[in-house]
Amino acid sequence: MAQLFPKQANYLALILAVAGPLGGTLAIAGVWYYGSPKYLDVGYRPHQPVPYSHALHVGELGLDCRYCHATVETSSTATVPPTQTCMNCHRLVLKDSPLLAPIRDSVALGRPMRWIRVHNLPDYVYFNHAVHVRAGVGCASCHGKIHEMPEVMQVEPLSMSWCLDCHRNPTPHLRPREAITDMDWWPPANQAEVAAAIVRDKKLAPPSDCSGCHR
Amino acid sequence: MNDLGSKRYWRSLDALAGDDRVRSFLEREFPEGASELPDGVTRRQMLGLLGASISLAGVTACRRPVEEIVPYISAPESVVPGQARRYATTLPAGLGALGLVVRSDEGRPTKIEGNELHPSSAGATSAWAQAELLELYDPDRSTSVRFGQETKGWDAFVVAWGEMAAEHAADGGAGLAVLAEPFSSPTLARLRHAFEERYPRARWATWQPVSDENVHRGIETATGTVRLPVYRFDRARVVLALDSDFLLTESEAVRHAADFAASRRVRATGDEMSRLYAVEGVLSLTGANADHRLSLKTSRIGTFVAALAGRLAAKGLDLTPGLAGAPPASVSERWLDEVAADLFSHKGQGLVVAGRRQPPAVHAATLALNAALGNVGATVSYRDPVDAALPDARDLAALVPELRSGGVTTLVVLGGNPAYDAPADLDFATAVAEVRRVVRLGAHDDETSRPDGWHIPEAHFLESWSDARAADGTPSVVQPLILPLFGGKSRVDLLGLLATGQDIASYDRVRETWQGMLPAGAFERAWFDVLHDGLVRDGALPTTAPAIRAAAWGDLASDPPAEGIEVAFVASPAMLDGRYANNAWLQELPDALTKITWDNAALMSPATAARVGVTRQELVRVSHGEREITLPAWIVPGMADETVAVALGYGRTKAGRVGNGVGVDAYRLRGRDALDLLRGAAVALVGPAPEIAGTQDHGSMEGRPLVREATLEHFREHPEFAKHVVEVPVSRSMWTDKTYTVSPQWGMSIDLTACTGCNACVVACQAENNVPVVGRDQVLRGREMHWLRIDRYFSGDAESGVEVVFQPMPCMHCENAPCEQVCPVSATVHDEEGLNVMVYNRCIGTRYCSNNCPYKVRRFNFFHYTKDTPESLKMAQNPEVTVRSRGVMEKCTYCTQRIEAGKLAAKLADRPLADGDVVPACAQACPTRAITFGDIRDPASVVAQRKAEPRDYTLLEDLLTKPRTSYLAKLRNPNPALLDAEHPA
């Protein structure tokens, strides 16, 4: 009677013993890494309908964030500005630039701009800009060095564990109110004391409960 | 009576009788077919679908879809994206008005709340007012001005009206008629006056199927002129309600419920409490809240009043003699004596009110009684009907022959739906078909829309400018929060065009009216204040205490003895007169007393049912002469014998996708001779009826002492009667108790004495929290989604007399929550502030939590109920609350979004959170302020004070769940002299 299994089959057990755990580990590691917001979302840099450069407007011209994102201190959303805000300057500056045609069309035709959202939280997350600004979390803490970006790119994962890292230990990220929009702010040597004072003065108690952000 | 152990509570007659079906329903946590799809997809197909969707999901899930940000072109002043705004406006309601404050998120109204400044609202609302939001976004509203089937614009109608107007101007409008709903509006009244000056021969008929016409006529009989009553229940110590549902379905119910509750607030043992006697044929919410309730055929109320007057006259009250008639056979002499004595000893502090179903004679007699008792001017006063178009059924009756004869060539129907709700014997639908031209203003393409006339879509009140006077005469402004979604036009628009021939914006018309009402010198400032407040502060009209004519006692005693079964037509607490038929929130709202959803039924007492031969749910044919309807019977304890109650407003044929064919149209039975009560009706058994989707046996809690009540006397002797009713085990819980260290710690207290069971909180919760509607079929399976339900318990004997208790049931937010202990994925956990939090994104749908919840307050999304929500209805959803998907458990969150909003607002203002900063939707809507919410750690907070009251108790405390929601036990204030009479030893 012929053998049912060839001789190589003897190695099968060994191969399985090695490949099984290895493959399993690799699969888990793969999903862990490639499926994480760190891999999927960081670096997201969509092309916008108008190549608006924060590097130019903020970095070179020195516009304050709040000139355009005017509601960041009062509302949950920071607000992408109405077309009219662009036209405040571009009625005079570069008023015939072909790059700005969509802006001019928007005003002329009454057609709103359609920007691509870069920093996108899931719908079940209720993030509030105003309260973070009040606490002393700078724009750059979440959005990165915007003033160096010709096109806005997501630099932080915006994942829940990333949020919780700061909620559990906000010390490295708290800064004085006047430095909120300062892109070049760097924690001073006595940051721990500064942050502790902010926490004390403003009675900060960042929630780490589900109900803090999910409703 | 005071011994809690001896009183037996039951939810339905079936449960009382120990019906097997109730048993089996209760024993399964998720009854009947909980895991089956409704439309016959097999398990194998389901697995196939699942496999396919998983593989597709894998492809698309690599990155979230690209999302766009679409900012304004030019931002409107003062609109901040992400920040809700609130505007004052007014819901016109018959001859009254309910002041509202409506929340608007990025330009779309998302929640209706009461206006605290408004006399009719005082910050609260009714279920109807809450549900108006859904009316606004109703996708079945008509969308264009049409002539016949042809779509035209409003401009085309303006031109067409010019031609019609020229024709009618020639003869003073002899062939012109307007059929309108009653109103109480300065602008509409001004325009009507202008219209009548322009067309002096035109006819004007005012019709509304459910109205206070009988009240007005009674007052006219008694005093010589039509006046409107202004009741002050807060000043009354003794109230006698005669077939009057002043707490729910009568006019001005929100204010009346608030005042009534205010007169019954007992905090300490020394506090006083008013007493309510109810005499009625149909078990109403008011009767359910009465301290003494007498079931009496609706037609015998007049005899009762005559007998009562006789008793009072015998006590020396100045009443027309000769009224000392014998009381109706079923009324005990003693009962009558005691009521008379109570009213007599509370002169000037009593109030007798009669319901709108009662004939004018009863209202006239009631007024005379109140006057003799010194109550007029104290608890009830009267004002002139300023700026009002009063309902008058005689107008309509006179109009219809003119429509048939050709006397009317142009009929303008200004709102309403007369072809559906006019008296059946008038046959309005065929009459209107004979008119040459019909101009119809209506929100829907409904029964009254004629296929060959002009149809103008009516704007919702949240889309239009107008005004209205509240019941006390306070001028209130109706201001829009949104442009008409479907190009609608308001009554002001159309009547303005008719009256002046010019098409002027309704804002200008309203402003013009108010220029005559506000101080001329400072108009702009005053107008600004009106727009801000929604009303003129202290704008109530003067009231009088009119003299009574002898004629007030008219034909009361000559009432013919009533034989046979009588049918009482009831305004539905959900559909009202049918106008809310396409409103899914109201269709699915369990009726306060019957707990029926998605249906109406012939309500009858057990004895009447036995006489007809009805045992459980059978179809009965109710007929009178040629007119008949066939509908399911529903046995209600507490109904008077030989009485059948049928709710109006059902059986619509052209209401829309929600309301078509729901229930049975009772208008087909309602003729001019029997607008309120049909006497001598025949009721015959037809056969088995399809199951009615009632919720009264859902989530029952098995006879444990959940509702606790006592009389005021007993409370004074034993203030803590509600505590220690069950033995709490001394053994500690097996779980380590969580300690709560931070402030605030949230808690809720619900006062069962104040709660009337009106359902406003249920709809408010649904609106605030995006709670889906599941439909009749799902309700039958016990899958209704209401986060807050109101349990209604009967106690007593089903045959002789029942008492009713209402108990709102939100999530208890147990500190030691049984749901959390069984969740395998920590989808329900506690937060630091004591909230039992539901995390939708963790939930995998095991439903263990609901199984383990002793209070049965968790709701499971068996299907993706919001998947097919029409586009316009999505606009009604609260952006601050997640819209849940299939397979997820949900439940009351104590309005966690409002808690967060309150905390954020306090933080941004750099101040500590104050008591009252956070008000959940249910507490906000409650007319009687039965629900209080706040920080239980702060001893100064209102909720902490409530919880410190002796009546405070929690549900099932023996389970050691430590609920954060607690109740204040119900108090009744029965007349001690009547107690042993009603409960013979």
# chains A, B, ... in the order shown; residues from 1 in each chain; ligands from 1
$ closest_atom_pairs --of "chain A" --to "chain B" --cutoff "6 Å" --atoms "only C-alpha atoms" --output "tab-separated table"
residue	atom	partner	partner_atom	distance
A:Ser75	CA	B:Gly82	CA	5.8
A:Ser76	CA	B:Gly82	CA	5.5
A:Thr77	CA	B:Gly82	CA	5.7
A:Pro82	CA	B:Tyr72	CA	4.6
A:Thr83	CA	B:Ile73	CA	4.6
A:Gln84	CA	B:Ser74	CA	5.2
A:Pro112	CA	B:Ile73	CA	5.4
A:Met113	CA	B:Val70	CA	5.8
A:Arg114	CA	B:Val70	CA	4.9
A:Trp115	CA	B:Ile69	CA	5.0
A:Ile116	CA	B:Glu68	CA	4.6
A:Arg117	CA	B:Glu68	CA	5.3
A:Tyr124	CA	B:Thr882	CA	5.8
A:Asp209	CA	B:Asp831	CA	5.4
A:Arg215	CA	B:Val881	CA	5.7
$ closest_atom_pairs --of "segment 40-136 of chain A" --to "segment 170-175 of chain A" --cutoff "12 Å" --atoms "only C-alpha atoms" --output "JSON lines"
{"residue": "A:His132", "atom": "CA", "partner": "A:Leu174", "partner_atom": "CA", "distance": 9.6}
{"residue": "A:Val133", "atom": "CA", "partner": "A:Leu174", "partner_atom": "CA", "distance": 9.6}
{"residue": "A:Arg134", "atom": "CA", "partner": "A:Leu174", "partner_atom": "CA", "distance": 10.1}
{"residue": "A:Ala135", "atom": "CA", "partner": "A:Leu174", "partner_atom": "CA", "distance": 7.2}
{"residue": "A:Gly136", "atom": "CA", "partner": "A:Leu174", "partner_atom": "CA", "distance": 5.0}
$ write_last_selection --atoms "C-alpha atoms" --output "compact mmCIF listing (two decimals), in the first residue's frame"
# COMPACT_ATOMS: atom_id res chain seq x y z
CA HIS A 132 -9.35 73.30 25.28
CA VAL A 133 -8.21 76.78 24.34
CA ARG A 134 -9.39 78.05 27.71
CA ALA A 135 -7.42 75.31 29.45
CA GLY A 136 -4.28 76.38 27.67
$ select_by_dssp --residues "segment 549-619 of chain B" --states "strand (DSSP E)" --output "CSV table (one decimal) with C-alpha atoms, in the first residue's frame"
chain,number,residue,atom,x,y,z
B,565,ILE,CA,-75.6,53.3,25.2
B,566,GLU,CA,-74.1,56.7,24.5
B,567,VAL,CA,-71.0,57.4,22.5
B,568,ALA,CA,-68.7,60.2,23.7
B,569,PHE,CA,-66.4,61.7,21.2
B,570,VAL,CA,-63.0,62.4,22.7
B,602,ALA,CA,-64.1,51.9,21.5
B,603,LEU,CA,-63.4,52.3,25.2
B,604,MET,CA,-66.0,50.8,27.5
B,618,GLU,CA,-63.0,42.1,19.6
B,619,LEU,CA,-64.3,44.3,16.8
$ closest_residue --among "B:Gly162, B:Pro939, B:Pro519, B:Gly757" --to "Asn289 of chain B" --atoms "only C-alpha atoms"
B:Gly757
$ residues_around --residues "Glu957 of chain B" --least-positions-apart "6" --cutoff "8 Å" --atoms "only C-alpha atoms" --output "VMD selection string"
chain B and resid 726 728 963
$ write_last_selection --atoms "C-alpha atoms" --output "CSV table (one decimal), in the first residue's frame"
chain,number,residue,atom,x,y,z
B,726,VAL,CA,-39.5,46.6,52.0
B,728,VAL,CA,-33.4,45.9,52.9
B,963,PRO,CA,-30.6,54.3,42.3
$ atom_distance --atom1 "atom CA of Val919 of chain B" --atom2 "atom CA of Ile931 of chain B"
9.6 Å
$ closest_residue --among "A:Ser53, A:Tyr67, A:Pro176, A:Met153" --to "Glu193 of chain A" --atoms "only C-alpha atoms"
A:Pro176
$ residues_around --residues "segment 175-192 of chain B" --least-positions-apart "6" --cutoff "8 Å" --atoms "only C-alpha atoms" --output "count of residues only"
45
